[in-house]
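For reference, the structure discussed in these notes is given below.
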Amino acid sequence: KNQVEQSPQSLIILEGKNCTLQCNYTVSPFSNLRWYKQDTGRGPVSLTIMTFSENTKSNGRYTATLDADTKQSSLHITASQLSDSASYICVPPMNRDDKIIFGKGTRLHILP
Amino acid sequence: DSGVTQTPKHLITATGQRVTLRCSPRSGDLSVYWYQQSLDQGLQFLIQYYNGEERAKGNILERFSAQQFPDLHSELNLSSLELGDSALYFCASSVDGVGNQPQHFGDGTRLSIL
(Lines give C-alpha, C1' and ligand atoms only; values in the text may rest on other atoms or scores of the structure.)
Protein backbone atom coordinates (compact mmCIF):
# COMPACT_ATOMS: atom_id res chain seq x y z
CA LYS A 1 0.00 0.00 0.00
CA ASN A 2 1.31 3.47 -0.87
CA GLN A 3 2.27 5.48 2.18
CA VAL A 4 0.76 8.63 0.71
CA GLU A 5 -2.20 8.98 -1.60
CA GLN A 6 -3.24 12.22 -3.25
CA SER A 7 -6.54 12.89 -4.94
CA PRO A 8 -7.64 13.76 -7.46
CA GLN A 9 -4.76 12.90 -9.80
CA SER A 10 -5.70 15.83 -11.98
CA LEU A 11 -8.21 18.64 -11.82
CA ILE A 12 -9.41 21.27 -14.27
CA ILE A 13 -11.24 24.35 -13.01
CA LEU A 14 -12.08 27.79 -14.31
CA GLU A 15 -10.14 30.83 -13.22
CA GLY A 16 -11.64 32.39 -10.12
CA LYS A 17 -13.09 29.15 -8.77
CA ASN A 18 -12.03 27.43 -5.55
CA CYS A 19 -10.75 23.87 -5.23
CA THR A 20 -9.63 21.41 -2.57
CA LEU A 21 -6.89 18.81 -2.95
CA GLN A 22 -6.66 15.79 -0.65
CA CYS A 23 -3.76 13.89 0.91
CA ASN A 24 -4.02 10.70 2.97
CA TYR A 25 -0.98 9.10 4.54
CA THR A 26 -0.15 6.08 6.66
CA VAL A 27 3.25 6.82 8.18
CA SER A 28 3.64 7.42 11.87
CA PRO A 29 4.73 11.00 12.25
CA PHE A 30 8.16 12.07 13.40
CA SER A 31 8.19 15.45 11.71
CA ASN A 32 5.88 17.94 10.03
CA LEU A 33 3.59 17.64 7.02
CA ARG A 34 4.37 19.82 4.03
CA TRP A 35 2.70 20.95 0.82
CA TYR A 36 4.72 21.97 -2.24
CA LYS A 37 3.83 23.55 -5.57
CA GLN A 38 5.78 22.38 -8.61
CA ASP A 39 5.62 24.19 -11.93
CA THR A 40 6.43 22.05 -14.95
CA GLY A 41 10.18 21.58 -15.31
CA ARG A 42 10.97 23.51 -12.12
CA GLY A 43 11.84 22.50 -8.59
CA PRO A 44 9.07 22.34 -5.99
CA VAL A 45 8.39 25.39 -3.85
CA SER A 46 7.22 25.10 -0.26
CA LEU A 47 3.67 26.32 0.40
CA THR A 48 3.05 25.32 4.00
CA ILE A 49 4.56 23.32 6.83
CA MET A 50 2.18 22.04 9.45
CA THR A 51 3.05 20.79 12.90
CA PHE A 52 0.73 18.37 14.60
CA SER A 53 -0.57 21.01 16.94
CA GLU A 54 -1.95 22.94 13.96
CA ASN A 55 -5.30 22.13 12.39
CA THR A 56 -5.15 24.80 9.74
CA LYS A 57 -2.56 27.09 8.22
CA SER A 58 -2.86 29.73 5.53
CA ASN A 59 -0.44 31.19 3.05
CA GLY A 60 -2.26 33.81 1.00
CA ARG A 61 -4.92 32.07 -1.09
CA TYR A 62 -3.67 28.64 0.04
CA THR A 63 -5.10 27.06 3.20
CA ALA A 64 -3.94 23.68 4.45
CA THR A 65 -5.78 21.59 7.02
CA LEU A 66 -4.54 18.61 8.96
CA ASP A 67 -6.34 15.91 10.91
CA ALA A 68 -3.54 14.01 12.64
CA ASP A 69 -5.94 11.41 14.03
CA THR A 70 -7.22 10.31 10.64
CA LYS A 71 -3.93 11.14 8.89
CA GLN A 72 -5.61 13.34 6.33
CA SER A 73 -4.62 16.73 5.00
CA SER A 74 -6.17 19.03 2.45
CA LEU A 75 -5.04 22.07 0.49
CA HIS A 76 -7.72 24.60 -0.40
CA ILE A 77 -7.06 27.18 -3.10
CA THR A 78 -9.30 30.22 -3.14
CA ALA A 79 -10.07 32.38 -6.16
CA SER A 80 -7.77 30.43 -8.46
CA GLN A 81 -5.48 32.22 -10.90
CA LEU A 82 -3.88 31.02 -14.12
CA SER A 83 -0.53 30.92 -12.32
CA ASP A 84 -1.91 28.28 -9.97
CA SER A 85 -1.63 25.74 -12.80
CA ALA A 86 0.95 23.32 -11.41
CA SER A 87 1.35 20.07 -9.53
CA TYR A 88 0.64 20.18 -5.80
CA ILE A 89 2.59 17.69 -3.77
CA CYS A 90 1.93 16.47 -0.26
CA VAL A 91 4.88 15.32 1.84
CA PRO A 92 3.80 13.46 4.95
CA PRO A 93 5.97 13.38 8.03
CA MET A 94 9.17 11.44 7.74
CA ASN A 95 8.77 7.95 9.05
CA ARG A 96 10.89 6.26 11.65
CA ASP A 97 13.70 5.33 9.26
CA ASP A 98 13.90 8.90 7.96
CA LYS A 99 12.83 8.07 4.42
CA ILE A 100 11.22 11.06 2.84
CA ILE A 101 8.18 10.19 0.78
CA PHE A 102 6.63 12.58 -1.70
CA GLY A 103 3.11 12.09 -2.95
CA LYS A 104 2.68 11.81 -6.72
CA GLY A 105 0.82 15.10 -6.65
CA THR A 106 -2.36 16.54 -8.04
CA ARG A 107 -1.97 18.23 -11.42
CA LEU A 108 -4.13 21.35 -11.43
CA HIS A 109 -5.08 23.14 -14.64
CA ILE A 110 -6.73 26.56 -14.46
CA LEU A 111 -8.66 27.58 -17.56
CA PRO A 112 -9.32 31.23 -18.43
CA ASP B 1 15.12 32.22 -6.86
CA SER B 2 15.51 29.48 -4.24
CA GLY B 3 19.22 30.13 -3.68
CA VAL B 4 20.07 26.53 -4.57
CA THR B 5 22.26 26.17 -7.65
CA GLN B 6 22.49 23.01 -9.69
CA THR B 7 24.89 22.41 -12.56
CA PRO B 8 24.75 21.50 -15.31
CA LYS B 9 21.16 22.25 -16.30
CA HIS B 10 21.20 19.66 -19.05
CA LEU B 11 23.37 16.63 -19.62
CA ILE B 12 23.28 14.23 -22.54
CA THR B 13 25.40 11.10 -22.47
CA ALA B 14 25.43 7.47 -23.51
CA THR B 15 24.74 4.21 -21.73
CA GLY B 16 27.60 2.91 -19.66
CA GLN B 17 29.03 6.36 -18.98
CA ARG B 18 29.54 8.16 -15.68
CA VAL B 19 28.40 11.68 -14.79
CA THR B 20 28.64 14.03 -11.82
CA LEU B 21 25.89 16.43 -10.84
CA ARG B 22 26.71 19.36 -8.61
CA CYS B 23 24.65 21.25 -6.06
CA SER B 24 25.41 24.40 -4.09
CA PRO B 25 22.97 24.78 -1.19
CA ARG B 26 21.34 27.98 -0.02
CA SER B 27 23.62 30.06 2.18
CA GLY B 28 23.35 28.88 5.77
CA ASP B 29 21.69 25.56 4.98
CA LEU B 30 23.49 22.51 6.35
CA SER B 31 21.37 19.76 4.85
CA VAL B 32 21.36 18.64 1.22
CA TYR B 33 18.90 16.22 -0.35
CA TRP B 34 18.98 14.53 -3.74
CA TYR B 35 15.85 13.43 -5.62
CA GLN B 36 15.12 11.74 -8.91
CA GLN B 37 11.98 12.56 -10.91
CA SER B 38 11.23 10.45 -13.95
CA LEU B 39 8.68 11.49 -16.56
CA ASP B 40 5.28 11.99 -14.94
CA GLN B 41 6.46 10.37 -11.72
CA GLY B 42 6.68 11.69 -8.22
CA LEU B 43 9.91 12.75 -6.62
CA GLN B 44 11.93 9.81 -5.38
CA PHE B 45 14.20 10.51 -2.44
CA LEU B 46 17.74 9.30 -3.02
CA ILE B 47 19.94 10.49 -0.18
CA GLN B 48 20.43 13.22 2.41
CA TYR B 49 23.56 14.77 3.89
CA TYR B 50 23.78 16.98 6.94
CA ASN B 51 26.92 18.99 7.59
CA GLY B 52 29.07 16.59 5.63
CA GLU B 53 27.67 13.35 7.00
CA GLU B 54 25.18 10.98 5.41
CA ARG B 55 21.89 11.45 7.28
CA ALA B 56 19.34 9.28 5.48
CA LYS B 57 19.23 7.03 2.48
CA GLY B 58 16.30 6.35 0.20
CA ASN B 59 16.02 4.23 -2.91
CA ILE B 60 19.46 5.03 -4.21
CA LEU B 61 20.99 2.48 -6.56
CA GLU B 62 24.43 1.04 -5.84
CA ARG B 63 25.61 2.61 -9.13
CA PHE B 64 24.88 6.02 -7.61
CA SER B 65 26.87 7.72 -4.89
CA ALA B 66 26.98 11.15 -3.33
CA GLN B 67 29.03 13.24 -0.95
CA GLN B 68 28.90 16.60 0.76
CA PHE B 69 32.11 18.57 0.96
CA PRO B 70 33.40 20.80 3.80
CA ASP B 71 32.08 23.90 1.99
CA LEU B 72 28.66 22.12 2.04
CA HIS B 73 28.29 21.75 -1.70
CA SER B 74 27.31 18.26 -2.80
CA GLU B 75 27.89 16.02 -5.76
CA LEU B 76 25.83 13.10 -7.03
CA ASN B 77 27.78 10.56 -9.08
CA LEU B 78 25.92 8.28 -11.46
CA SER B 79 27.86 5.46 -13.09
CA SER B 80 27.23 2.64 -15.58
CA LEU B 81 24.33 4.69 -16.84
CA GLU B 82 21.26 2.97 -18.24
CA LEU B 83 18.43 4.30 -20.37
CA GLY B 84 16.15 4.22 -17.33
CA ASP B 85 18.35 6.72 -15.52
CA SER B 86 17.06 9.47 -17.79
CA ALA B 87 15.28 11.84 -15.43
CA LEU B 88 15.31 15.19 -13.71
CA TYR B 89 17.62 15.18 -10.71
CA PHE B 90 16.81 17.73 -8.04
CA CYS B 91 18.87 18.94 -5.16
CA ALA B 92 17.27 20.63 -2.17
CA SER B 93 18.70 22.21 0.94
CA SER B 94 17.34 23.06 4.37
CA VAL B 95 18.59 24.52 7.61
CA ASP B 96 17.79 21.45 9.67
CA GLY B 97 18.09 17.76 8.99
CA VAL B 98 14.89 16.44 10.50
CA GLY B 99 12.20 17.78 8.18
CA ASN B 100 10.82 20.56 10.33
CA GLN B 101 11.99 23.35 8.04
CA PRO B 102 11.16 23.81 4.36
CA GLN B 103 13.40 22.34 1.72
CA HIS B 104 14.50 24.77 -0.97
CA PHE B 105 14.86 23.16 -4.37
CA GLY B 106 17.11 23.93 -7.27
CA ASP B 107 15.75 23.81 -10.80
CA GLY B 108 17.28 20.43 -11.44
CA THR B 109 19.63 18.76 -13.88
CA ARG B 110 17.93 17.08 -16.80
CA LEU B 111 19.84 13.92 -17.64
CA SER B 112 19.23 12.24 -20.99
CA ILE B 113 20.79 8.88 -21.75
CA LEU B 114 21.03 7.98 -25.42
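By convention in this document, the chains of the C-alpha coordinates carry letters A, B, ... by their order, each chain's residues are numbered from 1, and ligands are numbered from 1 in the order they are shown.
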
Checklist entry - Please, which residues of chain B, numbered as in this document, come out strand (DSSP E or B) from DSSP, as a PyMOL selection string? => result chain B and resi 5-7+10-13+19-24+31-37+44-50+53-57+64-68+74-78+87-94+104-105+109-113

Next on the checklist: Can you work out which residues from chain B touch chain A at a cut-off of 9 Å (counting only C-alpha atoms) and hand them back as a ChimeraX atom specification?
Outcome noted: /B:2,40-47,55-59,88,90-92,98-108

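The spacing separating atom CA of B:Arg18 from atom CA of B:Glu62 amounts to 13.2 Å.
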
Checklist outcome for this item: The residue from A:Ser73, A:Gly16, A:Gln22, A:Cys90 with the smallest atom-to-atom distance to A:Thr56, counting only C-alpha atoms, is A:Ser73

Item to check | Long-range neighbours of A:Tyr62 as a list of chain:residue names, 8 Å cut-off, only C-alpha atoms, 4 positions minimum in chain | outcome: A:Leu47, A:Ser58, A:Leu75, A:His76, A:Ile77, A:Thr78

For the residues selected in the previous step, produce a file with N, CA, C and O atoms as an mmCIF file, in the first residue's frame.
```cif
data_model
loop_
_atom_site.group_PDB
_atom_site.id
_atom_site.type_symbol
_atom_site.label_atom_id
_atom_site.label_comp_id
_atom_site.auth_asym_id
_atom_site.auth_seq_id
_atom_site.Cartn_x
_atom_site.Cartn_y
_atom_site.Cartn_z
ATOM 1 N N LEU A 47 4.860 25.503 0.161
ATOM 2 C CA LEU A 47 3.671 26.318 0.397
ATOM 3 C C LEU A 47 3.385 26.448 1.890
ATOM 4 O O LEU A 47 3.161 27.535 2.398
ATOM 5 N N SER A 58 -2.632 29.028 6.796
ATOM 6 C CA SER A 58 -2.863 29.731 5.531
ATOM 7 C C SER A 58 -1.604 30.398 5.023
ATOM 8 O O SER A 58 -0.749 30.834 5.807
ATOM 9 N N LEU A 75 -5.533 20.754 0.917
ATOM 10 C CA LEU A 75 -5.044 22.068 0.490
ATOM 11 C C LEU A 75 -6.165 22.743 -0.286
ATOM 12 O O LEU A 75 -6.612 22.218 -1.310
ATOM 13 N N HIS A 76 -6.631 23.863 0.230
ATOM 14 C CA HIS A 76 -7.724 24.595 -0.398
ATOM 15 C C HIS A 76 -7.159 25.833 -1.089
ATOM 16 O O HIS A 76 -6.401 26.584 -0.468
ATOM 17 N N ILE A 77 -7.511 26.009 -2.340
ATOM 18 C CA ILE A 77 -7.062 27.176 -3.101
ATOM 19 C C ILE A 77 -8.280 28.047 -3.394
ATOM 20 O O ILE A 77 -9.281 27.569 -3.957
ATOM 21 N N THR A 78 -8.184 29.278 -2.983
ATOM 22 C CA THR A 78 -9.300 30.218 -3.139
ATOM 23 C C THR A 78 -9.060 31.137 -4.323
ATOM 24 O O THR A 78 -7.940 31.571 -4.560
#
```
